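Student: Dropping in structure05.cif, with mmCIF, C-alpha atoms and all ligand atoms.
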```
data_input
loop_
_atom_site.label_atom_id
_atom_site.label_comp_id
_atom_site.auth_asym_id
_atom_site.auth_seq_id
_atom_site.Cartn_x
_atom_site.Cartn_y
_atom_site.Cartn_z
CA MET A 1093 12.77 -36.52 47.15
CA LEU A 1094 14.75 -36.29 43.93
CA GLY A 1095 18.08 -34.71 42.98
CA MET A 1096 18.17 -31.41 41.10
CA THR A 1097 19.34 -33.21 37.97
CA PHE A 1098 16.23 -35.00 36.85
CA ASP A 1099 16.32 -38.54 38.23
CA VAL A 1100 13.89 -40.29 35.96
CA ALA A 1101 14.45 -43.72 37.55
CA THR A 1102 13.28 -42.40 40.91
CA VAL A 1103 10.31 -40.68 39.27
CA ARG A 1104 9.36 -43.96 37.60
CA SER A 1105 9.56 -45.87 40.87
CA HIS A 1106 6.53 -43.93 42.12
CA PHE A 1107 4.27 -45.35 39.40
CA PRO A 1108 3.07 -48.93 39.96
CA ALA A 1109 1.51 -48.90 36.46
CA LEU A 1110 4.92 -48.65 34.80
CA LYS A 1111 5.83 -52.07 36.22
CA GLU A 1112 3.27 -53.53 33.80
CA GLY A 1113 5.90 -52.81 31.17
CA ALA A 1114 4.36 -50.56 28.51
CA ALA A 1115 6.13 -47.46 27.23
CA HIS A 1116 3.51 -44.75 27.71
CA PHE A 1117 3.28 -42.04 25.08
CA ASP A 1118 -0.42 -41.68 25.83
CA SER A 1119 -0.11 -39.12 28.64
CA PRO A 1120 -1.97 -36.32 26.78
CA GLY A 1121 -5.02 -38.56 27.27
CA GLY A 1122 -4.25 -38.93 30.97
CA THR A 1123 -1.11 -39.72 32.92
CA GLN A 1124 -0.40 -42.79 35.02
CA THR A 1125 -0.89 -42.29 38.76
CA PRO A 1126 1.77 -42.24 41.49
CA GLU A 1127 1.17 -44.52 44.46
CA LEU A 1128 0.96 -41.61 46.88
CA VAL A 1129 -1.92 -40.05 44.96
CA ALA A 1130 -3.82 -43.34 45.20
CA ASP A 1131 -2.92 -43.49 48.91
CA ALA A 1132 -4.38 -40.02 49.49
CA VAL A 1133 -7.62 -41.04 47.74
CA HIS A 1134 -7.81 -44.24 49.75
CA SER A 1135 -7.04 -42.72 53.14
CA THR A 1136 -9.62 -39.96 52.61
CA LEU A 1137 -12.30 -42.50 51.68
CA VAL A 1138 -11.69 -44.67 54.72
CA ALA A 1139 -11.18 -41.80 57.20
CA ALA A 1140 -14.05 -40.62 59.37
CA ILE A 1141 -15.50 -37.97 57.10
CA ALA A 1142 -18.86 -36.24 56.79
CA ASN A 1143 -20.25 -33.40 54.72
CA ARG A 1144 -18.30 -30.17 55.23
CA GLY A 1145 -19.13 -28.50 58.52
CA THR A 1146 -17.72 -27.01 61.70
CA VAL A 1147 -19.02 -29.24 64.48
CA THR A 1148 -17.71 -32.81 64.33
CA ALA A 1149 -14.15 -33.85 63.58
CA ALA A 1150 -15.51 -35.70 60.55
CA GLU A 1151 -17.06 -32.50 59.18
CA LEU A 1152 -13.87 -30.56 59.82
CA LYS A 1153 -11.88 -33.23 58.00
CA ALA A 1154 -13.96 -32.70 54.84
CA ASP A 1155 -13.51 -28.96 55.16
CA GLU A 1156 -9.75 -29.31 55.52
CA VAL A 1157 -9.56 -31.52 52.43
CA VAL A 1158 -11.44 -28.95 50.34
CA THR A 1159 -9.41 -26.00 51.63
CA ALA A 1160 -6.14 -27.85 51.07
CA ALA A 1161 -7.10 -28.71 47.49
CA ARG A 1162 -8.05 -25.10 46.69
CA HIS A 1163 -4.66 -23.97 48.04
CA ALA A 1164 -2.80 -26.67 46.15
CA MET A 1165 -4.42 -25.64 42.86
CA GLY A 1166 -3.82 -22.00 43.79
CA ASP A 1167 -0.11 -22.76 44.11
CA LEU A 1168 0.01 -24.80 40.90
CA LEU A 1169 -1.66 -22.06 38.83
CA SER A 1170 -0.62 -19.00 40.88
CA ALA A 1171 -4.34 -18.36 41.33
CA ASP A 1172 -6.48 -17.13 44.19
CA PRO A 1173 -7.69 -20.23 46.10
CA ALA A 1174 -10.99 -18.39 46.63
CA GLY A 1175 -11.62 -18.66 42.87
CA VAL A 1176 -10.80 -22.38 42.55
CA VAL A 1177 -13.90 -24.36 41.52
CA PHE A 1178 -13.94 -28.16 41.39
CA GLY A 1179 -16.12 -30.18 39.04
CA ARG A 1180 -16.39 -33.53 37.34
CA SER A 1181 -14.30 -32.64 34.31
CA MET A 1182 -13.23 -29.73 32.15
CA THR A 1183 -16.09 -30.55 29.81
CA GLN A 1184 -18.73 -30.42 32.55
CA LEU A 1185 -17.35 -27.17 34.02
CA THR A 1186 -17.22 -25.52 30.60
CA PHE A 1187 -20.78 -26.56 29.70
CA ASP A 1188 -22.00 -25.19 33.04
CA LEU A 1189 -20.11 -21.90 32.76
CA ALA A 1190 -21.14 -21.39 29.13
CA HIS A 1191 -24.76 -21.97 30.10
CA THR A 1192 -24.48 -19.54 33.02
CA MET A 1193 -22.80 -16.80 31.00
CA SER A 1194 -25.15 -17.18 28.05
CA LYS A 1195 -28.11 -16.17 30.18
CA GLU A 1196 -26.81 -12.62 29.76
CA TRP A 1197 -26.03 -12.77 26.03
CA VAL A 1198 -28.38 -11.18 23.51
CA ALA A 1199 -28.71 -11.34 19.72
CA GLY A 1200 -25.75 -9.54 18.15
CA ASP A 1201 -23.35 -10.50 20.93
CA GLU A 1202 -20.34 -12.45 19.68
CA VAL A 1203 -18.73 -15.56 21.11
CA VAL A 1204 -15.27 -16.42 19.79
CA VAL A 1205 -13.92 -19.97 19.62
CA SER A 1206 -10.97 -21.48 17.74
CA ARG A 1207 -10.37 -24.25 15.23
CA LEU A 1208 -7.30 -25.31 17.22
CA ASP A 1209 -9.22 -26.28 20.34
CA HIS A 1210 -10.39 -29.55 21.83
CA ASP A 1211 -14.17 -29.76 21.35
CA GLY A 1212 -14.58 -29.34 25.12
CA ASN A 1213 -13.69 -25.67 24.63
CA VAL A 1214 -15.72 -25.28 21.44
CA ARG A 1215 -19.10 -27.00 21.54
CA PRO A 1216 -20.22 -25.74 24.99
CA TRP A 1217 -19.77 -22.15 23.70
CA VAL A 1218 -21.33 -22.83 20.29
CA ILE A 1219 -24.39 -24.50 21.82
CA ALA A 1220 -24.81 -21.73 24.42
CA ALA A 1221 -24.40 -19.03 21.76
CA GLU A 1222 -26.99 -20.66 19.49
CA ARG A 1223 -29.44 -20.89 22.36
CA ALA A 1224 -28.96 -17.19 23.20
CA GLY A 1225 -29.08 -16.05 19.56
CA ALA A 1226 -25.48 -14.83 19.77
CA THR A 1227 -23.09 -15.07 16.82
CA VAL A 1228 -20.18 -17.54 16.83
CA ARG A 1229 -16.89 -16.35 15.30
CA TRP A 1230 -14.02 -18.73 14.56
CA ILE A 1231 -10.30 -18.09 15.07
CA ASP A 1232 -8.41 -19.97 12.38
CA PHE A 1233 -4.87 -21.37 12.47
CA ASP A 1234 -2.39 -22.11 9.71
CA PRO A 1235 -2.37 -25.86 9.02
CA GLU A 1236 1.08 -25.64 7.38
CA SER A 1237 2.93 -23.89 10.20
CA ALA A 1238 0.53 -25.08 12.94
CA GLU A 1239 0.60 -21.50 14.29
CA LEU A 1240 -2.32 -19.55 15.76
CA THR A 1241 -1.25 -15.91 16.04
CA PRO A 1242 -2.55 -12.86 17.92
CA ASP A 1243 -3.51 -11.44 14.47
CA ASP A 1244 -5.71 -14.50 13.90
CA VAL A 1245 -7.48 -13.66 17.15
CA GLN A 1246 -7.67 -9.91 16.48
CA ALA A 1247 -9.42 -10.62 13.17
CA GLN A 1248 -12.40 -12.08 15.06
CA LEU A 1249 -12.77 -9.44 17.79
CA SER A 1250 -15.27 -6.60 17.84
CA ASP A 1251 -17.00 -4.36 20.35
CA ARG A 1252 -19.70 -7.05 20.56
CA THR A 1253 -17.30 -9.80 21.71
CA ARG A 1254 -18.44 -11.23 25.05
CA ILE A 1255 -15.98 -14.08 25.49
CA VAL A 1256 -12.97 -15.60 23.76
CA ALA A 1257 -12.40 -19.29 24.46
CA LEU A 1258 -8.95 -20.46 23.45
CA THR A 1259 -6.59 -23.28 24.29
CA GLY A 1260 -3.31 -22.76 26.12
CA ALA A 1261 -1.89 -25.64 24.09
CA SER A 1262 -3.39 -27.92 21.46
CA ASN A 1263 -3.83 -31.49 22.65
CA LEU A 1264 -3.43 -32.61 19.01
CA ILE A 1265 -0.36 -30.71 17.79
CA GLY A 1266 1.00 -29.00 20.91
CA THR A 1267 0.77 -25.42 19.53
CA ARG A 1268 1.00 -22.84 22.31
CA PRO A 1269 -0.60 -19.53 21.26
CA ASP A 1270 0.88 -16.35 22.76
CA LEU A 1271 -1.72 -16.09 25.52
CA ALA A 1272 -0.48 -12.92 27.24
CA THR A 1273 -0.55 -10.89 24.02
CA ILE A 1274 -3.91 -12.35 23.07
CA ALA A 1275 -5.32 -11.57 26.53
CA ASP A 1276 -4.48 -7.86 26.03
CA LEU A 1277 -6.34 -7.86 22.72
CA VAL A 1278 -9.33 -9.63 24.26
CA HIS A 1279 -9.47 -7.30 27.25
CA ALA A 1280 -9.22 -4.22 25.03
CA THR A 1281 -12.67 -5.20 23.68
CA GLY A 1282 -14.04 -5.66 27.20
CA ALA A 1283 -14.55 -9.41 26.68
CA LEU A 1284 -13.64 -12.26 29.02
CA PHE A 1285 -10.78 -14.65 28.22
CA TYR A 1286 -11.46 -18.34 28.96
CA VAL A 1287 -8.33 -20.46 28.62
CA ASP A 1288 -8.35 -24.24 28.25
CA GLY A 1289 -5.24 -25.24 30.16
CA VAL A 1290 -5.92 -28.97 30.20
CA HIS A 1291 -3.01 -29.89 27.93
CA LEU A 1292 -0.72 -27.00 28.89
CA THR A 1293 -0.77 -27.51 32.66
CA ALA A 1294 0.99 -30.86 32.41
CA HIS A 1295 3.93 -29.32 30.57
CA ALA A 1296 4.55 -25.74 31.72
CA ALA A 1297 4.56 -23.60 34.84
CA ILE A 1298 1.29 -21.69 34.88
CA ASP A 1299 0.63 -18.21 36.24
CA VAL A 1300 -2.95 -17.29 35.45
CA SER A 1301 -2.34 -13.55 35.92
CA ASP A 1302 0.71 -13.53 33.63
CA ILE A 1303 -1.38 -15.39 31.06
CA GLY A 1304 -4.21 -12.90 31.52
CA ALA A 1305 -6.89 -15.59 31.80
CA ASP A 1306 -10.10 -14.50 33.52
CA LEU A 1307 -10.98 -18.17 33.82
CA PHE A 1308 -8.48 -21.00 33.40
CA VAL A 1309 -9.59 -24.62 33.29
CA CYS A 1310 -7.60 -27.81 33.73
CA SER A 1311 -7.98 -31.49 34.66
CA PRO A 1312 -5.82 -33.12 37.37
CA TYR A 1313 -5.87 -36.53 35.67
CA LYS A 1314 -3.58 -35.04 33.00
CA PHE A 1315 -0.95 -34.30 35.67
CA PHE A 1316 -0.90 -37.39 37.93
CA GLY A 1317 -4.13 -36.60 39.78
CA PRO A 1318 -7.59 -38.17 39.87
CA HIS A 1319 -10.35 -37.72 37.32
CA CYS A 1320 -11.90 -34.34 38.07
CA GLY A 1321 -11.83 -30.82 36.63
CA VAL A 1322 -10.78 -27.44 38.02
CA VAL A 1323 -11.54 -23.86 37.06
CA ALA A 1324 -9.40 -21.09 38.49
CA GLY A 1325 -11.40 -17.93 38.02
CA ARG A 1326 -11.00 -14.29 38.96
CA VAL A 1327 -13.10 -13.93 42.08
CA ASP A 1328 -14.73 -10.68 40.87
CA VAL A 1329 -15.76 -12.44 37.65
CA LEU A 1330 -17.18 -15.44 39.52
CA GLU A 1331 -19.06 -13.10 41.88
CA ARG A 1332 -20.92 -11.62 38.91
CA LEU A 1333 -22.07 -14.99 37.55
CA ARG A 1334 -25.33 -16.61 38.66
CA PRO A 1335 -25.28 -20.36 37.98
CA ASP A 1336 -28.41 -22.49 38.39
CA LYS A 1337 -28.31 -23.80 41.95
CA LEU A 1338 -30.36 -25.50 44.61
CA LEU A 1339 -32.14 -23.26 47.10
CA PRO A 1340 -30.40 -24.51 50.28
CA SER A 1341 -26.89 -24.79 48.75
CA SER A 1342 -24.27 -22.13 49.45
CA ASP A 1343 -24.34 -18.99 47.32
CA ALA A 1344 -20.74 -18.16 48.25
CA VAL A 1345 -17.96 -18.17 45.66
CA PRO A 1346 -16.60 -20.69 44.73
CA GLU A 1347 -19.20 -23.06 46.28
CA ARG A 1348 -21.95 -21.48 44.16
CA PHE A 1349 -20.52 -23.31 41.12
CA GLU A 1350 -20.00 -26.71 42.76
CA LEU A 1351 -23.16 -28.72 42.32
CA GLY A 1352 -23.83 -31.32 44.99
CA THR A 1353 -21.32 -32.83 47.38
CA LEU A 1354 -17.68 -32.50 46.34
CA PRO A 1355 -15.64 -35.69 45.76
CA TYR A 1356 -13.43 -35.27 48.85
CA GLU A 1357 -11.25 -38.27 48.02
CA LEU A 1358 -10.48 -36.91 44.54
CA LEU A 1359 -9.67 -33.50 45.98
CA ALA A 1360 -7.23 -35.11 48.42
CA GLY A 1361 -5.69 -36.93 45.46
CA THR A 1362 -5.40 -33.62 43.61
CA THR A 1363 -3.49 -32.07 46.52
CA ALA A 1364 -1.20 -35.11 46.58
CA ALA A 1365 -0.59 -34.75 42.83
CA VAL A 1366 0.41 -31.10 43.23
CA ASP A 1367 2.74 -32.04 46.10
CA PHE A 1368 4.20 -34.81 43.95
CA ILE A 1369 4.97 -32.34 41.16
CA ALA A 1370 6.50 -29.93 43.70
CA GLY A 1371 8.82 -32.77 44.75
CA LEU A 1372 10.14 -33.46 41.24
CA ALA A 1373 12.87 -30.83 41.70
CA GLY A 1374 14.14 -32.59 44.80
CA ASP A 1375 14.93 -30.38 47.73
CA ALA A 1376 14.63 -27.09 45.86
CA PRO A 1377 14.35 -24.25 48.39
CA GLY A 1378 11.25 -22.22 49.12
CA GLY A 1379 7.56 -22.87 49.56
CA ARG A 1380 5.41 -25.08 47.38
CA ARG A 1381 4.97 -22.48 44.61
CA ALA A 1382 8.75 -22.00 44.31
CA ARG A 1383 9.29 -25.76 44.23
CA LEU A 1384 6.59 -26.17 41.58
CA LEU A 1385 8.36 -23.60 39.39
CA ALA A 1386 11.68 -25.42 39.83
CA SER A 1387 10.00 -28.75 39.01
CA MET A 1388 8.25 -27.56 35.90
CA ALA A 1389 11.52 -26.06 34.64
CA ILE A 1390 13.30 -29.43 34.84
CA VAL A 1391 10.25 -31.30 33.55
CA GLU A 1392 10.19 -29.05 30.48
CA ARG A 1393 13.88 -29.64 29.81
CA HIS A 1394 13.53 -33.41 30.23
CA GLU A 1395 10.46 -33.69 28.01
CA ASP A 1396 11.89 -31.40 25.33
CA ARG A 1397 15.08 -33.44 25.15
CA LEU A 1398 13.10 -36.66 24.60
CA ARG A 1399 10.88 -34.92 22.04
CA GLU A 1400 13.91 -33.64 20.11
CA ARG A 1401 15.51 -37.10 20.12
CA THR A 1402 12.29 -38.57 18.79
CA GLU A 1403 11.85 -35.89 16.12
CA GLU A 1404 15.40 -36.38 14.86
CA ALA A 1405 14.90 -40.13 14.58
CA VAL A 1406 11.52 -39.75 12.87
CA GLU A 1407 13.00 -37.33 10.34
CA GLU A 1408 15.41 -40.10 9.27
CA LEU A 1409 12.50 -42.38 8.50
CA HIS A 1410 11.05 -41.67 5.07
CA GLY A 1411 7.29 -41.67 4.78
CA ILE A 1412 6.40 -40.12 8.13
CA THR A 1413 5.19 -36.51 8.36
CA ILE A 1414 5.40 -34.52 11.59
CA ARG A 1415 2.35 -32.27 11.81
CA SER A 1416 3.23 -30.55 15.09
CA ARG A 1417 5.60 -27.80 13.97
CA ALA A 1418 4.70 -24.63 15.86
CA ARG A 1419 7.65 -22.65 17.21
CA HIS A 1420 6.27 -22.63 20.74
CA ARG A 1421 4.78 -26.01 21.58
CA THR A 1422 4.37 -28.74 24.16
CA PRO A 1423 6.26 -32.03 23.73
CA THR A 1424 3.38 -33.54 21.79
CA LEU A 1425 4.03 -34.97 18.33
CA LEU A 1426 1.41 -35.78 15.73
CA LEU A 1427 2.63 -38.16 13.03
CA THR A 1428 0.99 -39.29 9.81
CA PHE A 1429 2.19 -42.04 7.47
CA ASP A 1430 2.34 -41.76 3.67
CA GLY A 1431 -0.39 -43.91 2.21
CA ARG A 1432 -1.05 -45.81 5.44
CA PRO A 1433 -3.62 -45.19 8.16
CA SER A 1434 -2.19 -44.07 11.50
CA ASP A 1435 -4.33 -46.76 13.10
CA ASP A 1436 -2.03 -49.41 11.59
CA ALA A 1437 0.97 -47.87 13.36
CA TYR A 1438 -1.04 -47.58 16.58
CA GLY A 1439 -1.88 -51.30 16.52
CA PHE A 1440 1.64 -52.33 15.45
CA LEU A 1441 3.25 -50.36 18.30
CA ALA A 1442 0.67 -51.58 20.82
CA GLN A 1443 1.67 -55.18 20.09
CA ARG A 1444 5.17 -54.22 21.23
CA GLY A 1445 3.97 -52.55 24.40
CA VAL A 1446 4.42 -49.06 23.02
CA ASN A 1447 1.28 -47.04 23.73
CA ALA A 1448 0.89 -44.20 21.24
CA PRO A 1449 -2.73 -43.97 20.14
CA ALA A 1450 -4.03 -42.67 16.81
CA SER A 1451 -7.10 -40.46 16.77
CA SER A 1452 -8.21 -36.86 16.45
CA PHE A 1453 -8.53 -36.85 20.26
CA TYR A 1454 -11.68 -34.69 20.26
CA ALA A 1455 -9.75 -31.89 18.54
CA TYR A 1456 -12.53 -32.24 15.99
CA GLU A 1457 -12.08 -28.94 14.14
CA ALA A 1458 -8.27 -29.01 14.28
CA SER A 1459 -8.02 -32.46 12.75
CA ARG A 1460 -10.28 -31.42 9.86
CA ARG A 1461 -8.39 -28.15 9.34
CA LEU A 1462 -5.17 -30.16 9.08
CA GLY A 1463 -6.82 -32.23 6.34
CA LEU A 1464 -6.87 -35.34 8.53
CA GLY A 1465 -10.65 -35.70 8.82
CA SER A 1466 -11.78 -37.56 11.90
CA ALA A 1467 -8.85 -40.02 11.72
CA GLY A 1468 -6.26 -37.54 13.00
CA GLY A 1469 -2.82 -39.05 13.43
CA LEU A 1470 -0.54 -40.95 15.76
CA ARG A 1471 0.07 -38.87 18.86
CA VAL A 1472 3.33 -39.23 20.78
CA GLY A 1473 3.08 -37.38 24.07
CA PHE A 1474 5.76 -37.17 26.74
CA ALA A 1475 5.46 -37.21 30.50
CA PRO A 1476 8.07 -36.81 33.26
CA TYR A 1477 8.18 -40.60 33.68
CA ASN A 1478 9.28 -41.26 30.09
CA ASP A 1479 12.92 -42.24 29.72
CA ASP A 1480 15.40 -42.88 26.93
CA GLN A 1481 14.52 -46.56 26.87
CA ASP A 1482 10.91 -45.65 26.12
CA VAL A 1483 12.13 -43.52 23.22
CA ASP A 1484 14.37 -46.37 21.98
CA ARG A 1485 11.37 -48.70 21.96
CA LEU A 1486 9.24 -46.15 20.11
CA ILE A 1487 11.90 -45.51 17.47
CA GLU A 1488 12.55 -49.23 16.95
CA GLY A 1489 8.80 -49.78 16.63
CA LEU A 1490 8.37 -47.01 14.09
CA THR A 1491 11.43 -48.17 12.14
CA ASP A 1492 10.09 -51.73 11.90
CA PHE A 1493 6.64 -50.45 10.96
CA MET A 1494 8.11 -48.46 8.07
CA LEU A 1495 10.03 -51.55 6.86
CA ARG A 1496 6.87 -53.63 6.60
C1 LIG B 1 -6.95 -29.67 25.61
C2 LIG B 1 -8.07 -30.44 26.27
N1 LIG B 1 -9.17 -29.78 26.62
C3 LIG B 1 -10.20 -30.40 27.22
C4 LIG B 1 -10.17 -31.76 27.47
C5 LIG B 1 -11.36 -32.39 28.15
O1 LIG B 1 -11.06 -32.58 29.50
P1 LIG B 1 -12.03 -33.40 30.46
O2 LIG B 1 -11.81 -34.85 30.16
O3 LIG B 1 -11.58 -33.01 31.84
O4 LIG B 1 -13.42 -32.97 30.17
C6 LIG B 1 -9.05 -32.49 27.10
C7 LIG B 1 -9.00 -33.95 27.32
O5 LIG B 1 -8.32 -34.65 26.62
C8 LIG B 1 -7.97 -31.81 26.49
O6 LIG B 1 -6.84 -32.46 26.14
#
```
Render the structure in this file as structure tokens.
Tutor:
Amino acid sequence: MLGMTFDVATVRSHFPALKEGAAHFDSPGGTQTPELVADAVHSTLVAAIANRGTVTAAELKADEVVTAARHAMGDLLSADPAGVVFGRSMTQLTFDLAHTMSKEWVAGDEVVVSRLDHDGNVRPWVIAAERAGATVRWIDFDPESAELTPDDVQAQLSDRTRIVALTGASNLIGTRPDLATIADLVHATGALFYVDGVHLTAHAAIDVSDIGADLFVCSPYKFFGPHCGVVAGRVDVLERLRPDKLLPSSDAVPERFELGTLPYELLAGTTAAVDFIAGLAGDAPGGRRARLLASMAIVERHEDRLRERTEEAVEELHGITIRSRARHRTPTLLLTFDGRPSDDAYGFLAQRGVNAPASSFYAYEASRRLGLGSAGGLRVGFAPYNDDQDVDRLIEGLTDFMLR
């Protein structure tokens, strides 16, 4: 589809939304959607389709859609398709899994969460721990450097640790903890490692075994897909868990975790999104997994270049502080403005068709730890469809804002 050098104009042509004219730096909240993802949703909705089964063509169609989506997510995350669970959102899946796991926790057990995380990977664990009488321990991060280190994690582990829930990348400041090293520490205690990959999956090639995640969660709407959530879990771990379920519904893994009828149209859209990403590296050789790796490598280069350009320009502007400074990070900038609320910049840029929202983006603890309360900052996130003109518009907007 696209040449090996990243052809951003061709990428952009797949997104009808971009024709509305805004420069989108709001992708960490959810990307725009390529036409072919919408087409897959539409064609699945209007096709003859029934509940999954093996008798009619309509039943088989639903089954094919589900199987294809599990394989697509398996390729994207290098995960076993048999451990791919679909749900409404990361938040819903995490609440459900925390509830299920907590049925086995007892007083004295320890549940470890972090101050860097989106609240979707904090509150479900805290609430479940409180209900079970388990103790919650908090991994801190350094607000100056924006780093969360393996030592910060080690400090909260003990032989009573049952689970460590940690983000693969902060949706507020982009920090990417060293997951593989942390996973070894977590596993040495015998605990499970639950990784929030919602922000990371849009920006990096994922291999759940390399990361060492027992359960890895992400949301396709952050990478061109529809609004749903996905957990890729180790099958042996999922087999051990007993979620609340209806009597007649399947007790097989992964179906055991999927409450009610799956949204077939959204699953078809998810497969289309994964195929779209695999096509970003043009006619790279190999199967879908190999093409996904090639795509994510050029996406990372493209997004990092735009991020660096933006950072250099922002550094020239006096009165703006860049809060996202970790060594290893996604292309996600958090900016604050000396003596002025970030909301003012958000509104000013929006009037010029530059969409960079200001908030704490549900990273409730992280924003407070950074000293930004609930206001957070202005978040500039990059997606594969951003181009140099978008960056020009952002920089001009910020420059004019600082002159006011
Ligand atoms: C890092 C991170 N975790 C979790 C979530 C919540 O995801 P969902 O909307 O699928 O519940 C988000 C959404 O912004 C996020 O950025």
Student: Go through A:Gly1282, A:Gly1468, A:Gly1431, A:Gly1361 and flag the residue nearest Leu1128 in chain A, using only C-alpha atoms for the distances.
Tutor: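 Using only C-alpha atoms, the shortest distance to Leu1128 in chain A belongs to A:Gly1361.
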Student: Taking all atoms listed in the file into account, which residues are within 6 Å of ligand LIG 1 (chain B), as a ChimeraX atom specification?
Tutor: /A:1121,1181-1183,1210,1212,1262-1263,1288,1290-1291,1311,1321
Student: Just give me the gap between CA of Phe1107 in chain A and CA of His1319 in chain A in Å, one decimal is fine.
Tutor: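 Value for the CA of Phe1107 in chain A-CA of His1319 in chain A distance: 16.6 Å.
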Student: Which distance in Å separates CA of Pro1242 in chain A and CA of Leu1258 in chain A, to one decimal?
Tutor: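 According to the coordinates, CA of Pro1242 in chain A and CA of Leu1258 in chain A are separated by 11.4 Å.
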Student: At a cut-off of 8 Å, using only C-alpha atoms, what residues contact range 1480-1487 of chain A? Leave out same-chain residues fewer than 2 positions from it and give the result as a short mmCIF file (atom, residue, chain, number, x, y, z; two decimals) with C-alpha atoms, in the frame of the given file.
Tutor:
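That gives us out20.cif:
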```
data_model
loop_
_atom_site.label_atom_id
_atom_site.label_comp_id
_atom_site.auth_asym_id
_atom_site.auth_seq_id
_atom_site.Cartn_x
_atom_site.Cartn_y
_atom_site.Cartn_z
CA ALA A 1115 6.13 -47.46 27.23
CA HIS A 1116 3.51 -44.75 27.71
CA LEU A 1398 13.10 -36.66 24.60
CA ARG A 1401 15.51 -37.10 20.12
CA THR A 1402 12.29 -38.57 18.79
CA ALA A 1405 14.90 -40.13 14.58
CA VAL A 1406 11.52 -39.75 12.87
CA LEU A 1441 3.25 -50.36 18.30
CA VAL A 1446 4.42 -49.06 23.02
CA ASN A 1478 9.28 -41.26 30.09
CA GLY A 1489 8.80 -49.78 16.63
CA LEU A 1490 8.37 -47.01 14.09
CA THR A 1491 11.43 -48.17 12.14
#
```
Student: Of the residues A:Arg1421, A:Lys1314, A:Arg1496, A:Arg1415, which is the one nearest to Leu1464 in chain A, using only C-alpha atoms?
Tutor: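 With only C-alpha atoms as the atom set, the closest residue is A:Arg1415.
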Student: Quick one: residues within 7 Å of Arg1471 in chain A, all atoms listed in the file, excluding same-chain residues fewer than 6 positions away - as a list in words?
Tutor: Thr1424, Leu1425, Leu1426, Leu1427, Ala1448, Pro1449 and Ala1450 of chain A
